[in-house]
file target05.csv (CSV, C-alpha atoms)
chain,number,residue,atom,x,y,z
A,1,MET,CA,-9.6,-21.3,43.2
A,2,SER,CA,-11.5,-20.1,40.1
A,3,PRO,CA,-9.6,-18.2,37.4
A,4,ARG,CA,-9.8,-14.5,37.7
A,5,LYS,CA,-12.3,-13.0,35.2
A,6,THR,CA,-11.5,-9.7,33.5
A,7,ASP,CA,-13.9,-7.7,31.3
A,8,ALA,CA,-12.8,-6.4,27.9
A,9,ARG,CA,-12.2,-2.7,28.2
A,10,ARG,CA,-11.1,0.1,25.9
A,11,HIS,CA,-7.5,1.0,26.4
A,12,HIS,CA,-7.4,4.1,24.2
A,13,ASP,CA,-9.2,7.4,23.6
A,14,PRO,CA,-11.1,7.0,20.3
A,15,ALA,CA,-11.1,10.8,19.9
A,16,VAL,CA,-7.3,10.8,19.5
A,17,ARG,CA,-6.1,10.7,15.9
A,18,GLY,CA,-2.6,11.3,14.4
A,19,PHE,CA,-0.9,11.6,11.1
A,20,ALA,CA,1.6,8.8,11.4
A,21,SER,CA,0.0,6.2,9.1
A,22,ASP,CA,-3.3,5.2,7.5
A,23,ASN,CA,-2.6,1.9,9.3
A,24,TYR,CA,-3.3,3.6,12.6
A,25,ALA,CA,-7.0,4.0,11.6
A,26,GLY,CA,-9.6,1.6,12.8
A,27,THR,CA,-11.9,-0.6,10.7
A,28,HIS,CA,-14.6,1.1,8.7
A,29,PRO,CA,-18.1,0.3,10.2
A,30,GLU,CA,-19.3,-1.2,6.9
A,31,VAL,CA,-16.4,-3.6,6.9
A,32,LEU,CA,-17.1,-4.5,10.5
A,33,ALA,CA,-20.7,-5.2,9.6
A,34,ALA,CA,-19.6,-7.4,6.8
A,35,LEU,CA,-17.4,-9.4,9.2
A,36,ALA,CA,-20.3,-9.9,11.5
A,37,LEU,CA,-22.5,-11.1,8.6
A,38,ALA,CA,-19.9,-13.7,7.6
A,39,ASN,CA,-19.5,-15.0,11.1
A,40,GLY,CA,-22.5,-17.2,11.5
A,41,GLY,CA,-22.4,-20.9,10.9
A,42,HIS,CA,-19.8,-23.0,9.2
A,43,GLN,CA,-18.0,-22.3,5.8
A,44,VAL,CA,-15.4,-24.4,4.1
A,45,ALA,CA,-11.9,-23.5,5.0
A,46,TYR,CA,-8.9,-22.4,3.0
A,47,GLY,CA,-10.8,-20.4,0.4
A,48,GLU,CA,-13.4,-22.8,-0.7
A,49,ASP,CA,-16.1,-20.6,1.0
A,50,GLU,CA,-18.8,-18.6,-0.7
A,51,TYR,CA,-17.3,-15.2,0.2
A,52,THR,CA,-14.0,-16.0,-1.5
A,53,GLU,CA,-15.9,-17.3,-4.6
A,54,ASN,CA,-18.0,-14.2,-4.8
A,55,LEU,CA,-14.8,-12.0,-4.4
A,56,GLN,CA,-13.6,-13.4,-7.7
A,57,THR,CA,-16.6,-12.0,-9.5
A,58,ILE,CA,-16.0,-8.6,-7.9
A,59,ILE,CA,-12.3,-8.7,-8.8
A,60,ARG,CA,-13.2,-9.4,-12.4
A,61,SER,CA,-15.6,-6.5,-12.5
A,62,HIS,CA,-12.6,-4.3,-11.6
A,63,PHE,CA,-9.8,-6.0,-13.5
A,64,GLY,CA,-11.3,-8.0,-16.3
A,65,GLY,CA,-12.5,-11.5,-16.9
A,66,GLY,CA,-9.0,-13.1,-16.7
A,67,ALA,CA,-8.2,-11.7,-13.2
A,68,GLU,CA,-8.0,-14.0,-10.2
A,69,ALA,CA,-7.6,-13.0,-6.6
A,70,PHE,CA,-5.6,-14.8,-3.9
A,71,PRO,CA,-6.4,-13.3,-0.5
A,72,VAL,CA,-3.4,-13.1,1.9
A,73,PHE,CA,-2.9,-11.7,5.4
A,74,ASN,CA,-0.8,-8.6,4.8
A,75,GLY,CA,1.0,-6.3,2.3
A,76,THR,CA,4.5,-7.8,2.8
A,77,GLY,CA,3.0,-11.2,2.3
A,78,ALA,CA,1.2,-10.1,-0.9
A,79,ASN,CA,4.4,-8.6,-2.3
A,80,VAL,CA,6.6,-11.6,-1.5
A,81,VAL,CA,4.1,-14.1,-2.9
A,82,ALA,CA,3.5,-12.0,-6.0
A,83,LEU,CA,7.2,-11.5,-6.8
A,84,GLN,CA,7.9,-15.2,-6.3
A,85,ALA,CA,5.2,-16.1,-8.7
A,86,VAL,CA,6.9,-14.2,-11.5
A,87,THR,CA,10.5,-15.1,-11.0
A,88,ASP,CA,12.8,-18.0,-11.2
A,89,ARG,CA,15.2,-18.9,-8.3
A,90,TRP,CA,17.9,-16.9,-10.1
A,91,GLY,CA,15.7,-14.0,-10.8
A,92,ALA,CA,16.0,-10.4,-9.6
A,93,VAL,CA,13.5,-7.5,-9.2
A,94,ILE,CA,14.2,-4.0,-10.4
A,95,CYS,CA,12.6,-1.4,-8.1
A,96,ALA,CA,12.9,2.2,-6.9
A,97,GLU,CA,15.4,2.6,-4.0
A,98,SER,CA,12.5,4.1,-2.0
A,99,ALA,CA,10.2,1.1,-2.7
A,100,HIS,CA,8.5,-0.5,0.3
A,101,ILE,CA,9.9,-3.9,-0.7
A,102,ASN,CA,13.4,-2.5,-0.3
A,103,VAL,CA,13.0,-0.2,2.7
A,104,ASP,CA,10.1,-1.4,4.9
A,105,GLU,CA,9.7,-5.1,4.6
A,106,GLY,CA,12.6,-6.3,6.8
A,107,GLY,CA,14.4,-8.0,3.9
A,108,ALA,CA,11.4,-10.3,3.4
A,109,PRO,CA,11.6,-10.4,-0.4
A,110,GLU,CA,15.3,-11.4,-0.2
A,111,ARG,CA,15.2,-13.6,2.9
A,112,MET,CA,11.8,-15.2,2.6
A,113,GLY,CA,11.4,-15.0,-1.2
A,114,GLY,CA,15.0,-15.6,-2.2
A,115,LEU,CA,14.9,-12.6,-4.5
A,116,LYS,CA,17.6,-10.1,-5.3
A,117,LEU,CA,16.4,-6.5,-5.4
A,118,LEU,CA,18.2,-4.3,-7.9
A,119,THR,CA,17.4,-0.7,-6.8
A,120,VAL,CA,17.4,2.6,-8.7
A,121,PRO,CA,17.5,6.0,-7.1
A,122,THR,CA,14.6,8.2,-8.2
A,123,PRO,CA,13.8,11.9,-7.6
A,124,ASP,CA,10.1,11.3,-6.9
A,125,GLY,CA,9.6,7.6,-6.2
A,126,LYS,CA,8.8,6.8,-9.8
A,127,LEU,CA,10.6,4.5,-12.2
A,128,THR,CA,11.0,5.3,-15.9
A,129,PRO,CA,12.2,3.2,-18.8
A,130,GLU,CA,15.5,5.1,-18.7
A,131,LEU,CA,15.9,4.5,-14.9
A,132,ILE,CA,15.0,0.8,-15.4
A,133,ASP,CA,17.8,0.4,-17.9
A,134,ARG,CA,20.3,1.2,-15.2
A,135,GLN,CA,19.7,-2.3,-13.9
A,136,ALA,CA,18.2,-4.0,-16.9
A,137,TYR,CA,21.2,-5.8,-18.3
A,138,GLY,CA,23.3,-9.0,-17.9
A,139,TRP,CA,20.6,-11.6,-18.6
A,140,ASP,CA,23.2,-14.1,-20.0
A,141,ASP,CA,25.8,-13.3,-17.2
A,142,GLU,CA,25.7,-16.2,-14.8
A,143,HIS,CA,27.6,-14.0,-12.3
A,144,ARG,CA,24.7,-11.6,-11.9
A,145,ALA,CA,21.1,-12.1,-10.7
A,146,MET,CA,18.9,-12.1,-13.8
A,147,PRO,CA,16.5,-9.1,-14.0
A,148,GLN,CA,13.1,-10.7,-14.5
A,149,VAL,CA,10.6,-8.3,-12.9
A,150,VAL,CA,10.0,-4.5,-12.6
A,151,SER,CA,8.1,-3.6,-9.5
A,152,ILE,CA,6.4,-0.2,-9.2
A,153,THR,CA,4.2,1.3,-6.5
A,154,GLN,CA,0.9,3.2,-7.1
A,155,SER,CA,0.7,5.5,-5.2
A,156,THR,CA,4.4,5.7,-4.5
A,157,GLU,CA,6.1,5.7,-1.2
A,158,LEU,CA,6.5,9.5,-1.7
A,159,GLY,CA,2.8,10.0,-2.3
A,160,THR,CA,3.3,10.6,-6.0
A,161,LEU,CA,1.3,9.0,-8.9
A,162,TYR,CA,2.1,7.3,-12.2
A,163,THR,CA,-0.2,8.3,-15.0
A,164,PRO,CA,-1.6,5.3,-17.0
A,165,GLY,CA,0.6,6.3,-19.9
A,166,GLU,CA,3.7,6.2,-17.7
A,167,ILE,CA,2.8,2.7,-16.5
A,168,ARG,CA,2.1,1.6,-20.1
A,169,ALA,CA,5.6,2.8,-21.1
A,170,ILE,CA,7.2,0.9,-18.3
A,171,CYS,CA,5.2,-2.3,-19.1
A,172,ASP,CA,6.1,-2.1,-22.8
A,173,HIS,CA,9.7,-1.5,-22.0
A,174,ALA,CA,9.9,-4.4,-19.5
A,175,HIS,CA,8.0,-6.8,-21.7
A,176,ALA,CA,10.3,-6.0,-24.6
A,177,HIS,CA,13.2,-7.2,-22.4
A,178,GLY,CA,11.3,-10.3,-21.4
A,179,MET,CA,10.5,-9.0,-18.0
A,180,LYS,CA,7.2,-8.9,-16.1
A,181,VAL,CA,5.7,-6.0,-14.2
A,182,HIS,CA,4.4,-6.1,-10.6
A,183,LEU,CA,2.4,-3.3,-9.1
A,184,ASP,CA,2.4,-2.8,-5.3
A,185,GLY,CA,-1.1,-1.4,-4.8
A,186,SER,CA,-1.2,-1.0,-1.0
A,187,ARG,CA,-2.7,2.4,-1.8
A,188,ILE,CA,-4.2,1.7,-5.2
A,189,SER,CA,-7.5,3.1,-4.1
A,190,ASN,CA,-6.0,6.5,-3.4
A,191,ALA,CA,-4.3,6.5,-6.7
A,192,ALA,CA,-7.5,5.6,-8.6
A,193,ALA,CA,-9.5,8.2,-6.7
A,194,SER,CA,-6.9,10.9,-7.4
A,195,LEU,CA,-6.6,10.1,-11.1
A,196,ASP,CA,-10.4,9.7,-11.3
A,197,VAL,CA,-10.1,6.5,-13.3
A,198,PRO,CA,-11.0,2.8,-12.7
A,199,MET,CA,-8.2,0.7,-11.2
A,200,ARG,CA,-8.0,-1.3,-14.5
A,201,THR,CA,-7.0,1.8,-16.4
A,202,PHE,CA,-3.5,1.7,-14.9
A,203,THR,CA,-3.1,-2.0,-14.3
A,204,ASN,CA,-4.3,-4.7,-16.7
A,205,ALA,CA,-5.3,-2.3,-19.4
A,206,VAL,CA,-1.7,-1.1,-19.7
A,207,GLY,CA,0.1,-4.4,-19.2
A,208,VAL,CA,0.7,-5.0,-15.5
A,209,ASP,CA,1.0,-8.7,-15.0
A,210,ILE,CA,0.4,-9.1,-11.2
A,211,LEU,CA,-0.9,-6.8,-8.5
A,212,SER,CA,-0.7,-6.6,-4.7
A,213,LEU,CA,-4.1,-5.2,-3.9
A,214,GLY,CA,-4.3,-3.3,-0.6
A,215,GLY,CA,-7.2,-3.4,1.8
A,216,THR,CA,-5.9,-2.5,5.3
A,217,LYS,CA,-5.0,1.1,4.5
A,218,ASN,CA,-8.4,1.6,2.9
A,219,GLY,CA,-10.5,0.6,5.9
A,220,ALA,CA,-10.1,-3.2,6.3
A,221,LEU,CA,-9.3,-4.8,9.6
A,222,PHE,CA,-6.6,-6.9,7.9
A,223,GLY,CA,-6.0,-8.6,4.6
A,224,GLU,CA,-4.8,-7.9,1.1
A,225,ALA,CA,-4.8,-10.0,-2.1
A,226,VAL,CA,-2.5,-11.0,-4.8
A,227,VAL,CA,-4.4,-10.4,-8.1
A,228,VAL,CA,-3.1,-12.3,-11.1
A,229,LEU,CA,-3.8,-10.2,-14.2
A,230,ASN,CA,-1.8,-12.2,-16.7
A,231,ARG,CA,-2.2,-15.9,-16.1
A,232,ASP,CA,0.5,-16.7,-18.6
A,233,ALA,CA,3.0,-14.8,-16.4
A,234,VAL,CA,2.6,-16.9,-13.3
A,235,SER,CA,2.6,-20.5,-12.1
A,236,HIS,CA,1.6,-22.4,-9.0
A,237,MET,CA,0.2,-19.4,-7.1
A,238,LYS,CA,-1.8,-21.7,-4.7
A,239,HIS,CA,1.3,-23.5,-3.7
A,240,LEU,CA,3.4,-20.4,-3.3
A,241,ARG,CA,0.8,-18.8,-1.1
A,242,LYS,CA,0.7,-21.8,1.2
A,243,LEU,CA,4.5,-22.1,1.1
A,244,SER,CA,4.8,-18.5,2.1
A,245,MET,CA,2.5,-18.9,5.1
A,246,GLN,CA,-0.1,-16.6,3.6
A,247,LEU,CA,-3.0,-19.1,3.3
A,248,ALA,CA,-5.7,-18.3,5.8
A,249,SER,CA,-7.8,-21.2,7.0
A,250,LYS,CA,-10.8,-18.9,7.7
A,251,MET,CA,-10.3,-17.1,4.5
A,252,ARG,CA,-13.9,-15.9,4.4
A,253,PHE,CA,-12.9,-13.2,6.9
A,254,VAL,CA,-10.4,-11.7,4.5
A,255,SER,CA,-12.5,-12.1,1.5
A,256,VAL,CA,-15.6,-10.5,3.0
A,257,GLN,CA,-13.7,-7.4,3.9
A,258,LEU,CA,-12.5,-7.0,0.3
A,259,GLU,CA,-16.0,-7.7,-0.9
A,260,ALA,CA,-17.4,-4.9,1.4
A,261,LEU,CA,-14.8,-2.5,0.1
A,262,LEU,CA,-15.0,-3.3,-3.6
A,263,ALA,CA,-18.5,-4.6,-4.3
A,264,LYS,CA,-19.9,-1.0,-4.5
A,265,ASP,CA,-18.0,2.3,-3.9
A,266,LEU,CA,-16.8,2.1,-0.3
A,267,TRP,CA,-13.2,1.8,-1.5
A,268,LEU,CA,-13.6,4.9,-3.5
A,269,ARG,CA,-15.4,6.9,-0.9
A,270,ASN,CA,-12.7,6.1,1.7
A,271,ALA,CA,-9.9,7.0,-0.7
A,272,ARG,CA,-11.4,10.2,-1.9
A,273,HIS,CA,-11.9,11.4,1.7
A,274,ALA,CA,-8.4,10.5,2.7
A,275,ASN,CA,-7.0,12.3,-0.4
A,276,GLU,CA,-9.2,15.4,0.3
A,277,MET,CA,-7.9,15.6,3.9
A,278,ALA,CA,-4.3,15.4,2.6
A,279,ARG,CA,-5.0,18.3,0.2
A,280,ARG,CA,-6.6,20.3,3.1
A,281,LEU,CA,-3.5,19.6,5.2
A,282,ALA,CA,-1.1,20.6,2.5
A,283,GLU,CA,-3.1,23.9,1.9
A,284,GLY,CA,-2.9,24.7,5.6
A,285,VAL,CA,0.8,23.9,5.9
A,286,ARG,CA,1.7,26.0,2.9
A,287,ALA,CA,0.5,29.0,4.7
A,288,VAL,CA,3.0,28.4,7.6
A,289,HIS,CA,6.2,30.3,7.1
A,290,GLY,CA,9.3,28.1,7.4
A,291,VAL,CA,7.6,24.8,6.3
A,292,GLU,CA,8.4,23.3,2.9
A,293,ILE,CA,6.2,20.8,1.1
A,294,LEU,CA,8.6,18.4,-0.6
A,295,TYR,CA,6.6,16.5,-3.2
A,296,PRO,CA,3.3,17.0,-5.1
A,297,VAL,CA,0.4,16.0,-2.9
A,298,GLN,CA,-1.4,13.6,-5.2
A,299,ALA,CA,-2.8,11.0,-2.8
A,300,ASN,CA,-3.1,10.8,1.0
A,301,ALA,CA,0.4,11.7,2.0
A,302,VAL,CA,2.1,15.0,2.7
A,303,PHE,CA,5.9,15.2,3.0
A,304,ALA,CA,7.4,18.3,4.5
A,305,ARG,CA,10.6,19.8,5.8
A,306,LEU,CA,10.6,21.9,9.0
A,307,PRO,CA,13.0,22.6,11.9
A,308,HIS,CA,13.9,19.4,13.8
A,309,GLU,CA,13.1,20.8,17.2
A,310,VAL,CA,9.6,21.8,16.0
A,311,SER,CA,8.9,18.3,14.9
A,312,LEU,CA,10.0,16.9,18.2
A,313,ARG,CA,7.6,19.2,20.1
A,314,LEU,CA,4.8,18.6,17.6
A,315,GLN,CA,5.2,14.8,18.0
A,316,LYS,CA,4.2,15.2,21.6
A,317,ARG,CA,0.9,16.5,20.5
A,318,TYR,CA,0.3,14.4,17.3
A,319,ARG,CA,1.9,11.1,16.2
A,320,PHE,CA,3.8,11.2,12.9
A,321,TYR,CA,7.1,9.9,11.6
A,322,PHE,CA,10.3,11.4,10.4
A,323,TRP,CA,11.1,10.4,6.8
A,324,ASP,CA,14.7,11.7,6.9
A,325,GLU,CA,15.4,12.9,10.4
A,326,ALA,CA,18.8,14.4,9.6
A,327,ALA,CA,17.3,16.6,6.9
A,328,GLY,CA,14.2,17.4,9.0
A,329,ASP,CA,11.9,15.6,6.6
A,330,VAL,CA,8.6,14.3,7.9
A,331,ARG,CA,5.6,12.4,6.6
A,332,TRP,CA,2.0,13.1,7.4
A,333,MET,CA,-0.6,10.6,6.4
A,334,CYS,CA,-4.4,11.0,6.2
A,335,ALA,CA,-6.9,8.1,6.5
A,336,PHE,CA,-10.5,7.4,5.8
A,337,ASP,CA,-11.5,8.6,9.2
A,338,THR,CA,-9.4,11.8,9.3
A,339,THR,CA,-11.7,14.7,9.9
A,340,GLU,CA,-11.5,18.4,8.9
A,341,ASP,CA,-11.2,19.2,12.6
A,342,ASP,CA,-8.3,16.8,12.9
A,343,VAL,CA,-6.5,18.6,10.1
A,344,ASP,CA,-7.3,22.1,11.3
A,345,GLY,CA,-6.2,21.3,14.8
A,346,PHE,CA,-2.9,19.9,13.5
A,347,VAL,CA,-2.2,23.0,11.4
A,348,ALA,CA,-3.0,25.2,14.4
A,349,ALA,CA,-0.6,23.2,16.5
A,350,LEU,CA,2.1,23.5,13.8
A,351,LYS,CA,1.7,27.2,13.7
A,352,GLU,CA,2.0,27.5,17.5
A,353,GLU,CA,5.2,25.4,17.5
A,354,MET,CA,6.7,27.3,14.6
A,355,ALA,CA,5.9,30.6,16.4
A,356,GLN,CA,8.3,29.5,19.2
A,357,GLN,CA,11.2,29.5,16.8
call {"tool": "encode", "arguments": {"input": "target05.csv", "output": "structure tokens"}}
result
Amino acid sequence: MSPRKTDARRHHDPAVRGFASDNYAGTHPEVLAALALANGGHQVAYGEDEYTENLQTIIRSHFGGGAEAFPVFNGTGANVVALQAVTDRWGAVICAESAHINVDEGGAPERMGGLKLLTVPTPDGKLTPELIDRQAYGWDDEHRAMPQVVSITQSTELGTLYTPGEIRAICDHAHAHGMKVHLDGSRISNAAASLDVPMRTFTNAVGVDILSLGGTKNGALFGEAVVVLNRDAVSHMKHLRKLSMQLASKMRFVSVQLEALLAKDLWLRNARHANEMARRLAEGVRAVHGVEILYPVQANAVFARLPHEVSLRLQKRYRFYFWDEAAGDVRWMCAFDTTEDDVDGFVAALKEEMAQQ
């Protein structure tokens, strides 16, 4: 009896969009075209391919001649590999309490990377030298994990942005204490687009040592990269990537996506559009009585507070997440493929649900 054959079929309505995460979006058509271009023939495995080699040239055009990219599968992997590269076994990482590495990575930096996270509460997701000093002590105390790295996120988990000057102050302060600086850049494109500056302006130009460069949230199918900005700050990156199960055998399919995004301006076009849709969403929401915008809308995220029962009804019409359900706080994310009609339809639905209060 021959095996039953099934045809591939679409299992979702492509017209349906939500505001839960920019990870919900599909892959940008230009990235899909690049994947198809890279698919023919054979290329050397494990990063010795021509696409990964060319990616290095592109990365250096963005981050300077000393930068080196190590493509990985995902953002958590990028963060764990990057942080391992700049710590000793006894090292600790200072980060905001709201940081992705602390809240949303399942304990991977601690369980998989063997790192102690020293967290600091922040009002807006941003660290400062003064906040860092709450955990930056005890380097000679063998009873305490040694602070060796400060990790910041740009844009932050609350959708706020560091200015280049603020990151420079953090880097100068950290380096003065013998610590290194890691930047989680899962949404670095949105930050650069909003600040209207090159990515180097708030990374290597101000002292960041190592970067987790995001691709997925900006239109890639999958894939990120650890970008070493200060080679003196790291060691054995190739071995750490393999040890952390982040070495892709067919790495060309990660590298070609980052190439498609970064070689010209696709990364910037996608980010500017997502940011603009978030601003449009915030403007529409501000006009709805009883809804409060919680943080400045500086990238592609809108955080709001509204009645809990309204959110529950609205979630049946559009996907989005609670940020703090007890407080009634929600997060709405825009992506490269969010349309004006998507935003306007959501705002109209919000008004309808609020009117039932």
call {"tool": "closest_residue", "arguments": {"input": "target05.csv", "among": "A:Arg286, A:Arg272, A:Lys250, A:His308", "to": "Glu48 of chain A", "atoms": "only C-alpha atoms"}}
result
A:Lys250
call {"tool": "residues_around", "arguments": {"input": "target05.csv", "residues": "segment 79-82 of chain A", "least_positions_apart": "4", "cutoff": "8 Å", "atoms": "only C-alpha atoms", "output": "VMD selection string"}}
result
chain A and resid 75 86 101 108 to 109 112 to 113 182 184 210 to 212 226 237 240 to 241 244
call {"tool": "write_last_selection", "arguments": {"input": "target05.csv", "atoms": "C-alpha atoms", "output": "mmCIF file, in the frame of the given file"}}
result
data_model
loop_
_atom_site.group_PDB
_atom_site.id
_atom_site.type_symbol
_atom_site.label_atom_id
_atom_site.label_comp_id
_atom_site.auth_asym_id
_atom_site.auth_seq_id
_atom_site.Cartn_x
_atom_site.Cartn_y
_atom_site.Cartn_z
ATOM 1 C CA GLY A 75 1.000 -6.300 2.300
ATOM 2 C CA VAL A 86 6.900 -14.200 -11.500
ATOM 3 C CA ILE A 101 9.900 -3.900 -0.700
ATOM 4 C CA ALA A 108 11.400 -10.300 3.400
ATOM 5 C CA PRO A 109 11.600 -10.400 -0.400
ATOM 6 C CA MET A 112 11.800 -15.200 2.600
ATOM 7 C CA GLY A 113 11.400 -15.000 -1.200
ATOM 8 C CA HIS A 182 4.400 -6.100 -10.600
ATOM 9 C CA ASP A 184 2.400 -2.800 -5.300
ATOM 10 C CA ILE A 210 0.400 -9.100 -11.200
ATOM 11 C CA LEU A 211 -0.900 -6.800 -8.500
ATOM 12 C CA SER A 212 -0.700 -6.600 -4.700
ATOM 13 C CA VAL A 226 -2.500 -11.000 -4.800
ATOM 14 C CA MET A 237 0.200 -19.400 -7.100
ATOM 15 C CA LEU A 240 3.400 -20.400 -3.300
ATOM 16 C CA ARG A 241 0.800 -18.800 -1.100
ATOM 17 C CA SER A 244 4.800 -18.500 2.100
#
call {"tool": "closest_residue", "arguments": {"input": "target05.csv", "among": "A:Gln356, A:Ser186, A:Gln257, A:Thr128", "to": "Thr163 of chain A", "atoms": "all atoms listed in the file"}}
result
A:Thr128
call {"tool": "residues_near_point", "arguments": {"input": "target05.csv", "point": "(3.8, 4.8, -17.2)", "cutoff": "9 Å", "atoms": "only C-alpha atoms", "output": "list in words"}}
result
Leu127, Thr128, Pro129, Tyr162, Thr163, Pro164, Gly165, Glu166, Ile167, Arg168, Ala169, Ile170, Cys171, Phe202 and Val206 of chain A
call {"tool": "residues_around", "arguments": {"input": "target05.csv", "residues": "Ala205 of chain A", "least_positions_apart": "5", "cutoff": "12 Å", "atoms": "all atoms listed in the file", "output": "list of chain:residue names"}}
result
A:His62, A:Phe63, A:Gly64, A:Gly65, A:Gly66, A:Ala67, A:Pro164, A:Gly165, A:Ile167, A:Arg168, A:Cys171, A:Asp172, A:Val197, A:Pro198, A:Met199, A:Arg200, A:Leu229, A:Asn230
call {"tool": "closest_residue", "arguments": {"input": "target05.csv", "among": "A:Glu130, A:Asp88, A:Val103, A:Ala355", "to": "Leu115 of chain A", "atoms": "all atoms listed in the file"}}
result
A:Asp88
call {"tool": "closest_residue", "arguments": {"input": "target05.csv", "among": "A:Ser98, A:Ala299, A:Ala145, A:Val181", "to": "Trp323 of chain A", "atoms": "all atoms listed in the file"}}
result
A:Ser98
call {"tool": "residues_around", "arguments": {"input": "target05.csv", "residues": "segment 316-321 of chain A", "least_positions_apart": "4", "cutoff": "8 Å", "atoms": "all atoms listed in the file", "output": "MDAnalysis selection string"}}
result
chainID A and resid 17:21 312 330:333 346 349
call {"tool": "atom_distance", "arguments": {"input": "target05.csv", "atom1": "atom CA of Leu314 of chain A", "atom2": "atom CA of Gly290 of chain A"}}
result
14.6 Å
call {"tool": "decode", "arguments": {"input": "target05.csv", "residues": "segment 55-66 of chain A", "atoms": "N, CA and C atoms", "output": "mmCIF file, in the first residue's frame"}}
result
data_model
loop_
_atom_site.group_PDB
_atom_site.id
_atom_site.type_symbol
_atom_site.label_atom_id
_atom_site.label_comp_id
_atom_site.auth_asym_id
_atom_site.auth_seq_id
_atom_site.Cartn_x
_atom_site.Cartn_y
_atom_site.Cartn_z
ATOM 1 N N LEU A 55 28.932 38.753 3.952
ATOM 2 C CA LEU A 55 28.270 39.400 5.085
ATOM 3 C C LEU A 55 29.276 40.158 5.942
ATOM 4 N N GLN A 56 30.488 39.652 6.054
ATOM 5 C CA GLN A 56 31.493 40.350 6.865
ATOM 6 C C GLN A 56 31.780 41.739 6.305
ATOM 7 N N THR A 57 31.853 41.845 4.999
ATOM 8 C CA THR A 57 32.081 43.151 4.369
ATOM 9 C C THR A 57 30.926 44.103 4.665
ATOM 10 N N ILE A 58 29.712 43.590 4.601
ATOM 11 C CA ILE A 58 28.537 44.419 4.870
ATOM 12 C C ILE A 58 28.508 44.857 6.322
ATOM 13 N N ILE A 59 28.807 43.935 7.227
ATOM 14 C CA ILE A 59 28.832 44.276 8.658
ATOM 15 C C ILE A 59 29.866 45.358 8.928
ATOM 16 N N ARG A 60 31.015 45.278 8.301
ATOM 17 C CA ARG A 60 32.055 46.294 8.521
ATOM 18 C C ARG A 60 31.648 47.641 7.955
ATOM 19 N N SER A 61 30.820 47.647 6.924
ATOM 20 C CA SER A 61 30.338 48.927 6.405
ATOM 21 C C SER A 61 29.415 49.620 7.397
ATOM 22 N N HIS A 62 28.779 48.844 8.251
ATOM 23 C CA HIS A 62 27.885 49.408 9.259
ATOM 24 C C HIS A 62 28.597 49.684 10.580
ATOM 25 N N PHE A 63 29.566 48.826 10.937
ATOM 26 C CA PHE A 63 30.130 48.892 12.284
ATOM 27 C C PHE A 63 31.651 49.058 12.323
ATOM 28 N N GLY A 64 32.274 49.355 11.206
ATOM 29 C CA GLY A 64 33.708 49.615 11.228
ATOM 30 C C GLY A 64 34.540 48.411 10.847
ATOM 31 N N GLY A 65 35.783 48.680 10.475
ATOM 32 C CA GLY A 65 36.669 47.663 9.925
ATOM 33 C C GLY A 65 37.028 46.545 10.868
ATOM 34 N N GLY A 66 36.905 46.766 12.172
ATOM 35 C CA GLY A 66 37.263 45.719 13.129
ATOM 36 C C GLY A 66 36.127 44.793 13.494
#
